[in-house]
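Trainee: Data: model_37.txt, compact mmCIF, C-alpha atoms.
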```txt
# COMPACT_ATOMS: atom_id res chain seq x y z
CA MET N 1 -98.57 -4.29 -18.24
CA TRP N 2 -99.95 -7.38 -19.92
CA ARG N 3 -97.44 -10.22 -20.23
CA MET N 4 -97.55 -13.13 -22.67
CA SER N 5 -96.72 -15.58 -19.85
CA ASN N 6 -99.93 -14.60 -18.05
CA ILE N 7 -102.20 -15.57 -20.96
CA PRO N 8 -103.81 -18.99 -20.45
CA LEU N 9 -103.53 -21.47 -23.28
CA PRO N 10 -106.84 -22.15 -25.10
CA ALA N 11 -108.65 -25.41 -24.40
CA PRO N 12 -107.94 -28.24 -26.88
CA ASN N 13 -111.58 -28.45 -27.92
CA ARG N 14 -111.72 -24.86 -29.14
CA ALA N 15 -111.78 -23.88 -32.84
CA GLU N 16 -108.49 -24.27 -34.71
CA ILE N 17 -107.84 -20.50 -34.78
CA HIS N 18 -108.10 -20.40 -30.99
CA ARG N 19 -105.64 -23.27 -30.59
CA ILE N 20 -102.74 -21.24 -32.00
CA PRO N 21 -100.27 -20.49 -29.17
CA PRO N 22 -100.34 -16.84 -27.98
CA GLU N 23 -96.71 -16.34 -29.01
CA ILE N 24 -97.51 -17.32 -32.61
CA LEU N 25 -100.60 -15.10 -32.72
CA SER N 26 -98.52 -12.24 -31.35
CA GLU N 27 -96.04 -12.63 -34.20
CA ILE N 28 -98.85 -12.77 -36.74
CA PHE N 29 -100.36 -9.59 -35.30
CA VAL N 30 -97.11 -7.68 -35.79
CA HIS N 31 -96.98 -8.76 -39.44
CA CYS N 32 -100.46 -7.29 -39.93
CA LEU N 33 -99.05 -3.78 -39.54
CA VAL N 34 -98.62 -1.69 -42.67
CA PRO N 35 -94.92 -1.07 -43.43
CA GLU N 36 -94.00 2.45 -42.35
CA ASP N 37 -92.48 3.32 -45.71
CA GLU N 38 -95.99 3.15 -47.23
CA ASN N 39 -96.76 6.22 -45.09
CA SER N 40 -100.06 4.81 -43.86
CA ALA N 41 -101.51 5.05 -40.40
CA THR N 42 -101.67 1.74 -38.54
CA GLN N 43 -103.83 2.71 -35.55
CA ASN N 44 -106.89 0.87 -36.92
CA THR N 45 -104.96 -2.40 -37.10
CA GLN N 46 -104.56 -2.64 -33.34
CA GLN N 47 -108.20 -1.73 -32.76
CA ARG N 48 -109.48 -4.30 -35.22
CA LEU N 49 -107.33 -7.09 -33.85
CA GLY N 50 -108.33 -6.26 -30.29
CA SER N 51 -112.03 -6.22 -31.10
CA VAL N 52 -112.18 -9.80 -32.43
CA CYS N 53 -112.42 -11.47 -29.02
CA ARG N 54 -111.18 -11.22 -25.45
CA LEU N 55 -108.22 -13.53 -26.11
CA TRP N 56 -107.03 -11.52 -29.12
CA ARG N 57 -107.36 -8.28 -27.17
CA THR N 58 -105.27 -9.74 -24.34
CA ILE N 59 -102.60 -10.92 -26.78
CA ALA N 60 -102.60 -7.58 -28.61
CA LEU N 61 -102.09 -5.67 -25.38
CA ALA N 62 -99.21 -8.01 -24.49
CA THR N 63 -97.43 -7.50 -27.86
CA PRO N 64 -95.06 -4.49 -27.61
CA GLY N 65 -94.22 -4.53 -31.31
CA LEU N 66 -97.86 -3.94 -32.18
CA TRP N 67 -97.79 -0.55 -30.42
CA ALA N 68 -94.32 0.59 -31.47
CA SER N 69 -95.29 2.86 -34.40
CA LEU N 70 -97.72 5.74 -34.73
CA ASP N 71 -98.78 8.48 -37.14
CA ILE N 72 -99.08 11.83 -35.34
CA THR N 73 -100.63 14.95 -36.85
CA CYS N 74 -100.04 18.41 -35.36
CA ASN N 75 -102.55 21.09 -36.35
CA ASN N 76 -102.59 24.42 -34.52
CA ASP N 77 -100.63 22.85 -31.65
CA VAL N 78 -103.22 20.08 -31.29
CA LEU N 79 -102.11 16.48 -31.53
CA CYS N 80 -104.10 13.74 -33.24
CA PRO N 81 -104.24 11.24 -31.70
CA PRO N 82 -104.30 13.10 -28.38
CA LEU N 83 -101.45 12.80 -25.92
CA PRO N 84 -103.21 10.20 -23.68
CA VAL N 85 -103.50 7.86 -26.68
CA ILE N 86 -99.86 8.46 -27.57
CA GLY N 87 -98.98 7.73 -23.95
CA ALA N 88 -100.89 4.45 -24.12
CA TYR N 89 -98.88 3.43 -27.20
CA LEU N 90 -95.63 4.35 -25.48
CA GLN N 91 -96.58 2.34 -22.40
CA ARG N 92 -97.79 -0.71 -24.31
CA SER N 93 -94.69 -0.73 -26.54
CA GLY N 94 -92.62 -1.35 -23.40
CA THR N 95 -88.91 -1.42 -24.23
CA HIS N 96 -89.50 -2.04 -27.94
CA PRO N 97 -87.90 0.61 -30.23
CA PHE N 98 -90.59 3.20 -30.97
CA SER N 99 -91.10 5.08 -34.25
CA PHE N 100 -93.54 7.81 -35.19
CA VAL N 101 -94.37 9.87 -38.25
CA LEU N 102 -94.99 13.55 -37.47
CA HIS N 103 -97.18 15.49 -39.95
CA ALA N 104 -97.56 19.27 -40.16
CA MET N 105 -101.03 20.33 -41.30
CA ASP N 106 -100.46 24.10 -41.36
CA ALA N 107 -97.19 25.93 -41.99
CA ARG N 108 -98.25 28.75 -39.67
CA TYR N 109 -98.06 26.59 -36.58
CA SER N 110 -95.18 24.88 -34.85
CA PRO N 111 -95.49 22.12 -32.24
CA SER N 112 -94.94 23.52 -28.79
CA ALA N 113 -91.86 22.49 -26.87
CA SER N 114 -94.14 20.98 -24.23
CA ILE N 115 -95.72 18.56 -26.72
CA LEU N 116 -92.40 17.39 -28.11
CA ALA N 117 -90.94 17.17 -24.61
CA ALA N 118 -93.89 15.02 -23.59
CA LEU N 119 -93.21 12.65 -26.47
CA THR N 120 -89.65 12.31 -25.23
CA THR N 121 -90.23 12.03 -21.49
CA ALA N 122 -93.31 9.80 -21.76
CA ARG N 123 -91.16 6.99 -23.11
CA SER N 124 -90.88 4.32 -20.43
CA GLY N 125 -87.96 1.95 -20.17
CA GLY N 126 -84.66 2.12 -22.00
CA ALA N 127 -85.75 1.55 -25.55
CA THR N 128 -84.22 3.33 -28.50
CA PRO N 129 -86.59 5.44 -30.59
CA GLY N 130 -86.56 6.23 -34.28
CA TYR N 131 -88.11 9.31 -35.83
CA ARG N 132 -89.56 9.73 -39.29
CA VAL N 133 -90.62 13.31 -39.94
CA THR N 134 -92.59 14.38 -42.99
CA PRO N 135 -91.50 17.57 -44.80
CA LEU N 136 -92.28 20.42 -42.45
CA PRO N 137 -92.06 24.21 -42.79
CA ALA N 138 -88.93 26.09 -41.78
CA GLU N 139 -90.75 27.56 -38.77
CA TRP N 140 -90.50 24.17 -37.09
CA GLU N 141 -86.72 23.99 -37.20
CA THR N 142 -85.92 25.54 -33.82
CA THR N 143 -88.45 23.49 -31.85
CA LEU N 144 -87.80 20.24 -33.69
CA SER N 145 -84.02 20.65 -33.48
CA ALA N 146 -84.24 21.06 -29.72
CA PHE N 147 -86.45 17.98 -29.51
CA LEU N 148 -84.09 15.85 -31.59
CA GLN N 149 -81.09 17.02 -29.61
CA ARG N 150 -82.82 15.85 -26.44
CA SER N 151 -83.49 12.41 -27.95
CA SER N 152 -80.49 12.03 -30.26
CA PRO N 153 -78.19 9.90 -28.05
CA ALA N 154 -80.67 7.02 -28.42
CA LEU N 155 -81.59 7.73 -32.04
CA ARG N 156 -81.29 4.77 -34.41
CA ARG N 157 -83.19 6.05 -37.45
CA LEU N 158 -83.81 9.53 -38.86
CA SER N 159 -85.78 9.94 -42.07
CA SER N 160 -86.89 12.87 -44.22
CA ALA N 161 -85.85 16.04 -42.45
CA PRO N 162 -85.31 18.37 -45.44
CA HIS N 163 -86.69 21.40 -43.64
CA MET N 164 -83.65 21.47 -41.37
CA ALA N 165 -80.67 23.52 -42.54
CA GLU N 166 -77.37 21.67 -42.85
CA PRO N 167 -75.68 23.25 -39.77
CA ALA N 168 -78.58 22.25 -37.52
CA LEU N 169 -78.75 18.78 -39.05
CA MET N 170 -75.03 18.18 -38.58
CA ARG N 171 -75.25 19.33 -34.95
CA ILE N 172 -77.90 16.66 -34.43
CA LEU N 173 -75.80 13.99 -36.15
CA THR N 174 -72.75 14.72 -34.01
CA LEU N 175 -74.87 13.55 -31.06
CA THR N 176 -76.10 10.31 -32.67
CA PRO N 177 -73.36 7.72 -32.16
CA HIS N 178 -75.87 4.88 -32.61
CA LEU N 179 -77.65 6.14 -35.74
CA ARG N 180 -77.97 3.31 -38.24
CA ILE N 181 -80.44 4.58 -40.86
CA LEU N 182 -80.41 8.08 -42.39
CA ARG N 183 -82.86 9.07 -45.13
CA LEU N 184 -83.02 12.69 -46.33
CA SER N 185 -84.76 14.37 -49.23
CA ASN N 186 -85.01 17.97 -50.45
CA ARG N 187 -87.17 17.41 -53.52
CA LEU N 188 -89.74 19.98 -52.41
CA PRO N 189 -89.23 23.65 -53.39
CA ASN N 190 -87.88 26.28 -50.99
CA LEU N 191 -86.24 23.74 -48.69
CA PRO N 192 -82.56 23.62 -47.68
CA SER N 193 -80.42 21.57 -50.02
CA ILE N 194 -78.20 18.60 -49.34
CA THR N 195 -74.86 19.93 -50.57
CA ALA N 196 -71.19 19.05 -50.79
CA THR N 197 -70.76 20.38 -47.24
CA PHE N 198 -72.93 17.62 -45.87
CA ILE N 199 -71.31 14.93 -48.04
CA ARG N 200 -67.86 15.99 -46.80
CA ALA N 201 -69.13 15.84 -43.22
CA LEU N 202 -70.20 12.21 -43.76
CA HIS N 203 -66.72 11.35 -45.07
CA PRO N 204 -65.01 9.81 -42.01
CA PRO N 205 -61.76 11.57 -41.07
CA PRO N 206 -58.68 9.52 -40.25
CA PRO N 207 -58.28 8.46 -36.60
CA PRO N 208 -58.09 9.71 -33.92
CA SER N 209 -60.75 12.18 -35.13
CA VAL N 210 -64.32 11.14 -34.31
CA PRO N 211 -66.41 10.35 -37.43
CA LEU N 212 -70.00 11.47 -37.95
CA CYS N 213 -72.52 8.63 -37.54
CA PRO N 214 -69.95 5.85 -36.99
CA ARG N 215 -72.61 3.09 -36.94
CA LEU N 216 -74.43 4.19 -40.10
CA GLN N 217 -75.52 1.21 -42.21
CA ILE N 218 -78.20 2.58 -44.55
CA LEU N 219 -77.89 5.97 -46.27
CA GLU N 220 -80.45 7.46 -48.66
CA LEU N 221 -80.06 11.03 -49.96
CA SER N 222 -82.41 12.43 -52.57
CA GLY N 223 -81.84 15.81 -54.18
CA VAL N 224 -78.11 16.34 -53.58
CA SER N 225 -77.10 19.58 -55.29
CA ASN N 226 -73.90 21.51 -55.99
CA CYS N 227 -71.79 18.45 -55.33
CA PRO N 228 -68.69 17.79 -57.47
CA ASP N 229 -68.65 14.53 -59.38
CA GLY N 230 -66.75 11.88 -57.40
CA LEU N 231 -67.31 13.37 -53.94
CA CYS N 232 -70.21 11.06 -53.03
CA ALA N 233 -68.35 8.01 -54.27
CA ALA N 234 -65.28 8.90 -52.20
CA MET N 235 -67.44 9.20 -49.09
CA LEU N 236 -69.07 5.84 -49.75
CA ARG N 237 -65.72 4.17 -50.43
CA ALA N 238 -64.41 5.50 -47.10
CA ARG N 239 -67.34 3.75 -45.39
CA TRP N 240 -66.84 0.41 -47.11
CA GLY N 241 -64.65 -2.63 -46.55
CA ALA N 242 -61.15 -2.22 -45.17
CA GLN N 243 -61.33 1.58 -45.36
CA ALA N 244 -64.39 1.60 -43.09
CA HIS N 245 -62.51 -0.47 -40.54
CA ASP N 246 -59.46 1.78 -40.75
CA ASN N 247 -61.66 4.87 -40.37
CA GLY N 248 -63.45 3.51 -37.31
CA VAL N 249 -66.95 3.23 -38.84
CA VAL N 250 -69.37 0.40 -39.50
CA CYS N 251 -69.43 -0.80 -43.09
CA LEU N 252 -72.35 0.61 -45.10
CA GLU N 253 -74.86 -1.98 -46.29
CA GLN N 254 -77.05 0.21 -48.53
CA ALA N 255 -76.57 3.60 -50.19
CA HIS N 256 -78.93 5.40 -52.56
CA ILE N 257 -77.99 8.90 -53.69
CA GLY N 258 -79.94 11.02 -56.16
CA HIS N 259 -78.27 14.10 -57.65
CA GLU N 260 -80.06 17.19 -58.90
CA GLY N 261 -78.68 17.56 -62.38
CA GLY N 262 -75.75 15.65 -63.74
CA PRO N 263 -74.06 13.81 -65.17
CA HIS N 264 -72.06 12.20 -62.34
CA ASP N 265 -70.09 9.64 -64.28
CA CYS N 266 -67.34 9.12 -61.68
CA ASP N 267 -69.86 8.64 -58.88
CA GLU N 268 -71.89 6.17 -60.91
CA ALA N 269 -68.84 4.19 -62.04
CA GLU N 270 -67.50 3.90 -58.49
CA MET N 271 -70.94 2.90 -57.23
CA LYS N 272 -71.02 0.05 -59.73
CA GLU N 273 -67.71 -1.20 -58.33
CA LEU N 274 -68.99 -0.97 -54.77
CA CYS N 275 -72.10 -2.92 -55.73
CA ALA N 276 -69.92 -5.57 -57.39
CA GLU N 277 -68.09 -5.86 -54.05
CA GLY N 278 -71.32 -6.35 -52.12
CA MET N 279 -72.82 -2.96 -51.28
CA GLN N 280 -76.48 -2.47 -52.23
CA GLY N 281 -77.67 0.75 -53.84
CA MET N 282 -77.10 3.21 -56.65
CA ILE N 283 -76.10 6.76 -57.53
CA HIS N 284 -78.19 8.46 -60.19
CA SER N 285 -79.29 11.84 -61.51
CA LEU N 286 -82.79 13.10 -60.75
CA LEU N 287 -84.90 14.69 -63.46
```
Any chance you could put this one into structure tokens?

Mentor:
Amino acid sequence: MWRMSNIPLPAPNRAEIHRIPPEILSEIFVHCLVPEDENSATQNTQQRLGSVCRLWRTIALATPGLWASLDITCNNDVLCPPLPVIGAYLQRSGTHPFSFVLHAMDARYSPSASILAALTTARSGGATPGYRVTPLPAEWETTLSAFLQRSSPALRRLSSAPHMAEPALMRILTLTPHLRILRLSNRLPNLPSITATFIRALHPPPPPSVPLCPRLQILELSGVSNCPDGLCAAMLRARWGAQAHDNGVVCLEQAHIGHEGGPHDCDEAEMKELCAEGMQGMIHSLL
């Protein structure tokens, strides 16, 4: 693997852009990536940076953070980019936490267990991955659940898995002691809902019971349905301040919850108090 320490410093008489230390260029390269929440592929960024000159290519290859995210499309059990390219990203990302967005192009097809297993086992080193999965058809649930269960002990971030029924999702979350970011949405039709059952599961029980997602810091739920007013606020309060400490969980930093229908006056009033105390976020009703 390329290492930054092996890159020779440019000669003093070179152009100003070539006199920037490799470590600084490496940091600039990482900031050229499109934020993942914009849901845009970033593969072209690495290629463009590496094609400028030999020095930039060497620095790009030696920058793990530049290769630590990838958009993957599965169509009829065919991956794009192909598995060798994915493997190159995994190798070049080293021990940097790796994230990917998985897209389903056809509801009739599910990714084979071998492909998802390869994504898990190809990861070199001891890094901690994060997974961001676009809304997928229900046919994927069995395969994807098995994949997440295999990877869940190291999971730090799980976003947008509305296709997964609550029992399967909660089984995954019981195996994610290090999960810090959870973002779920069910705003598409014919997908399982986020209900009061899930909200109650996130409410930490009193010790010595083991809470779900004890290290959770950011929670975003969109499309919560059939949830009594006040239940979400009680869960958030139990994960905030002194109560969080007493319940054996990390204090939430951000919480955004969107209800289907409303009003949820108690939830919204309690959320305002939590925000006044320092939590970031809101509870609101979705149209």

Trainee: What gap, in Å, lies between CA of Ile24 in chain N and CA of Ala88 in chain N?

Mentor: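 These atoms are spaced 23.6 Å apart.
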
Trainee: Of the residues N:Cys266, N:Leu155, N:Ala168, N:Ala255, which is the one nearest to Cys213 in chain N, using all atoms listed in the file?

Mentor: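 For Cys213 in chain N, the nearest of the candidates is N:Leu155.
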
Trainee: Quick one: residues within 10 Å of Ile283 in chain N, all atoms listed in the file counted, chain neighbours fewer than 4 positions away excluded, as a ChimeraX atom specification?

Mentor: /N:220-222,232-233,255-259,264-272

Trainee: I need every residue sitting at most 9 Å from the point (-72.3, 19.1, -41.1) (coordinates as in the file, all atoms listed in the file considered), written as a list in words.

Mentor: Glu166, Pro167, Ala168, Leu169, Met170, Arg171, Leu173, Thr174, Thr197, Phe198, Ile199, Arg200, Ala201, Leu202 and Leu212 of chain N

Trainee: Take the residues from that selection and put them in a file with C-alpha atoms, as a PDB file, in the coordinates of the input.

Mentor:
```
ATOM      1  CA  GLU N 166     -77.370  21.670 -42.850  1.00  0.00           C
ATOM      2  CA  PRO N 167     -75.680  23.250 -39.770  1.00  0.00           C
ATOM      3  CA  ALA N 168     -78.580  22.250 -37.520  1.00  0.00           C
ATOM      4  CA  LEU N 169     -78.750  18.780 -39.050  1.00  0.00           C
ATOM      5  CA  MET N 170     -75.030  18.180 -38.580  1.00  0.00           C
ATOM      6  CA  ARG N 171     -75.250  19.330 -34.950  1.00  0.00           C
ATOM      7  CA  LEU N 173     -75.800  13.990 -36.150  1.00  0.00           C
ATOM      8  CA  THR N 174     -72.750  14.720 -34.010  1.00  0.00           C
ATOM      9  CA  THR N 197     -70.760  20.380 -47.240  1.00  0.00           C
ATOM     10  CA  PHE N 198     -72.930  17.620 -45.870  1.00  0.00           C
ATOM     11  CA  ILE N 199     -71.310  14.930 -48.040  1.00  0.00           C
ATOM     12  CA  ARG N 200     -67.860  15.990 -46.800  1.00  0.00           C
ATOM     13  CA  ALA N 201     -69.130  15.840 -43.220  1.00  0.00           C
ATOM     14  CA  LEU N 202     -70.200  12.210 -43.760  1.00  0.00           C
ATOM     15  CA  LEU N 212     -70.000  11.470 -37.950  1.00  0.00           C
TER      16      LEU N 212
END
```

Trainee: With distances taken over all atoms listed in the file, which of N:Val85, N:Ala196, N:Val250, N:Leu216 is nearest to Gly230 in chain N?

Mentor: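 Ranked by minimum distance to Gly230 in chain N, first place goes to N:Ala196.
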
Trainee: Which distance in Å separates CA of Leu25 in chain N and CA of Ile181 in chain N, to one decimal?

Mentor: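 If I compute the distance from CA of Leu25 in chain N to CA of Ile181 in chain N, I get 29.3 Å.
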
Trainee: Tell me, in Å to one decimal, how far CA of Ile28 in chain N is from CA of His96 in chain N.

Mentor: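 These two atoms are separated by 16.7 Å.
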
Trainee: Determine the nearest neighbour of Phe29 in chain N from the options N:Trp67, N:Arg239, N:Leu83, N:Asp229, counting all atoms listed in the file.

Mentor: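 Among the listed residues, the smallest separation from Phe29 in chain N belongs to N:Trp67.
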
Trainee: Pick out the closest residue to Ile59 in chain N from this set: N:Pro21, N:Pro208, N:Gly248, N:Gly261. Count all atoms listed in the file.

Mentor: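 Closest to Ile59 in chain N of all the choices is N:Pro21.
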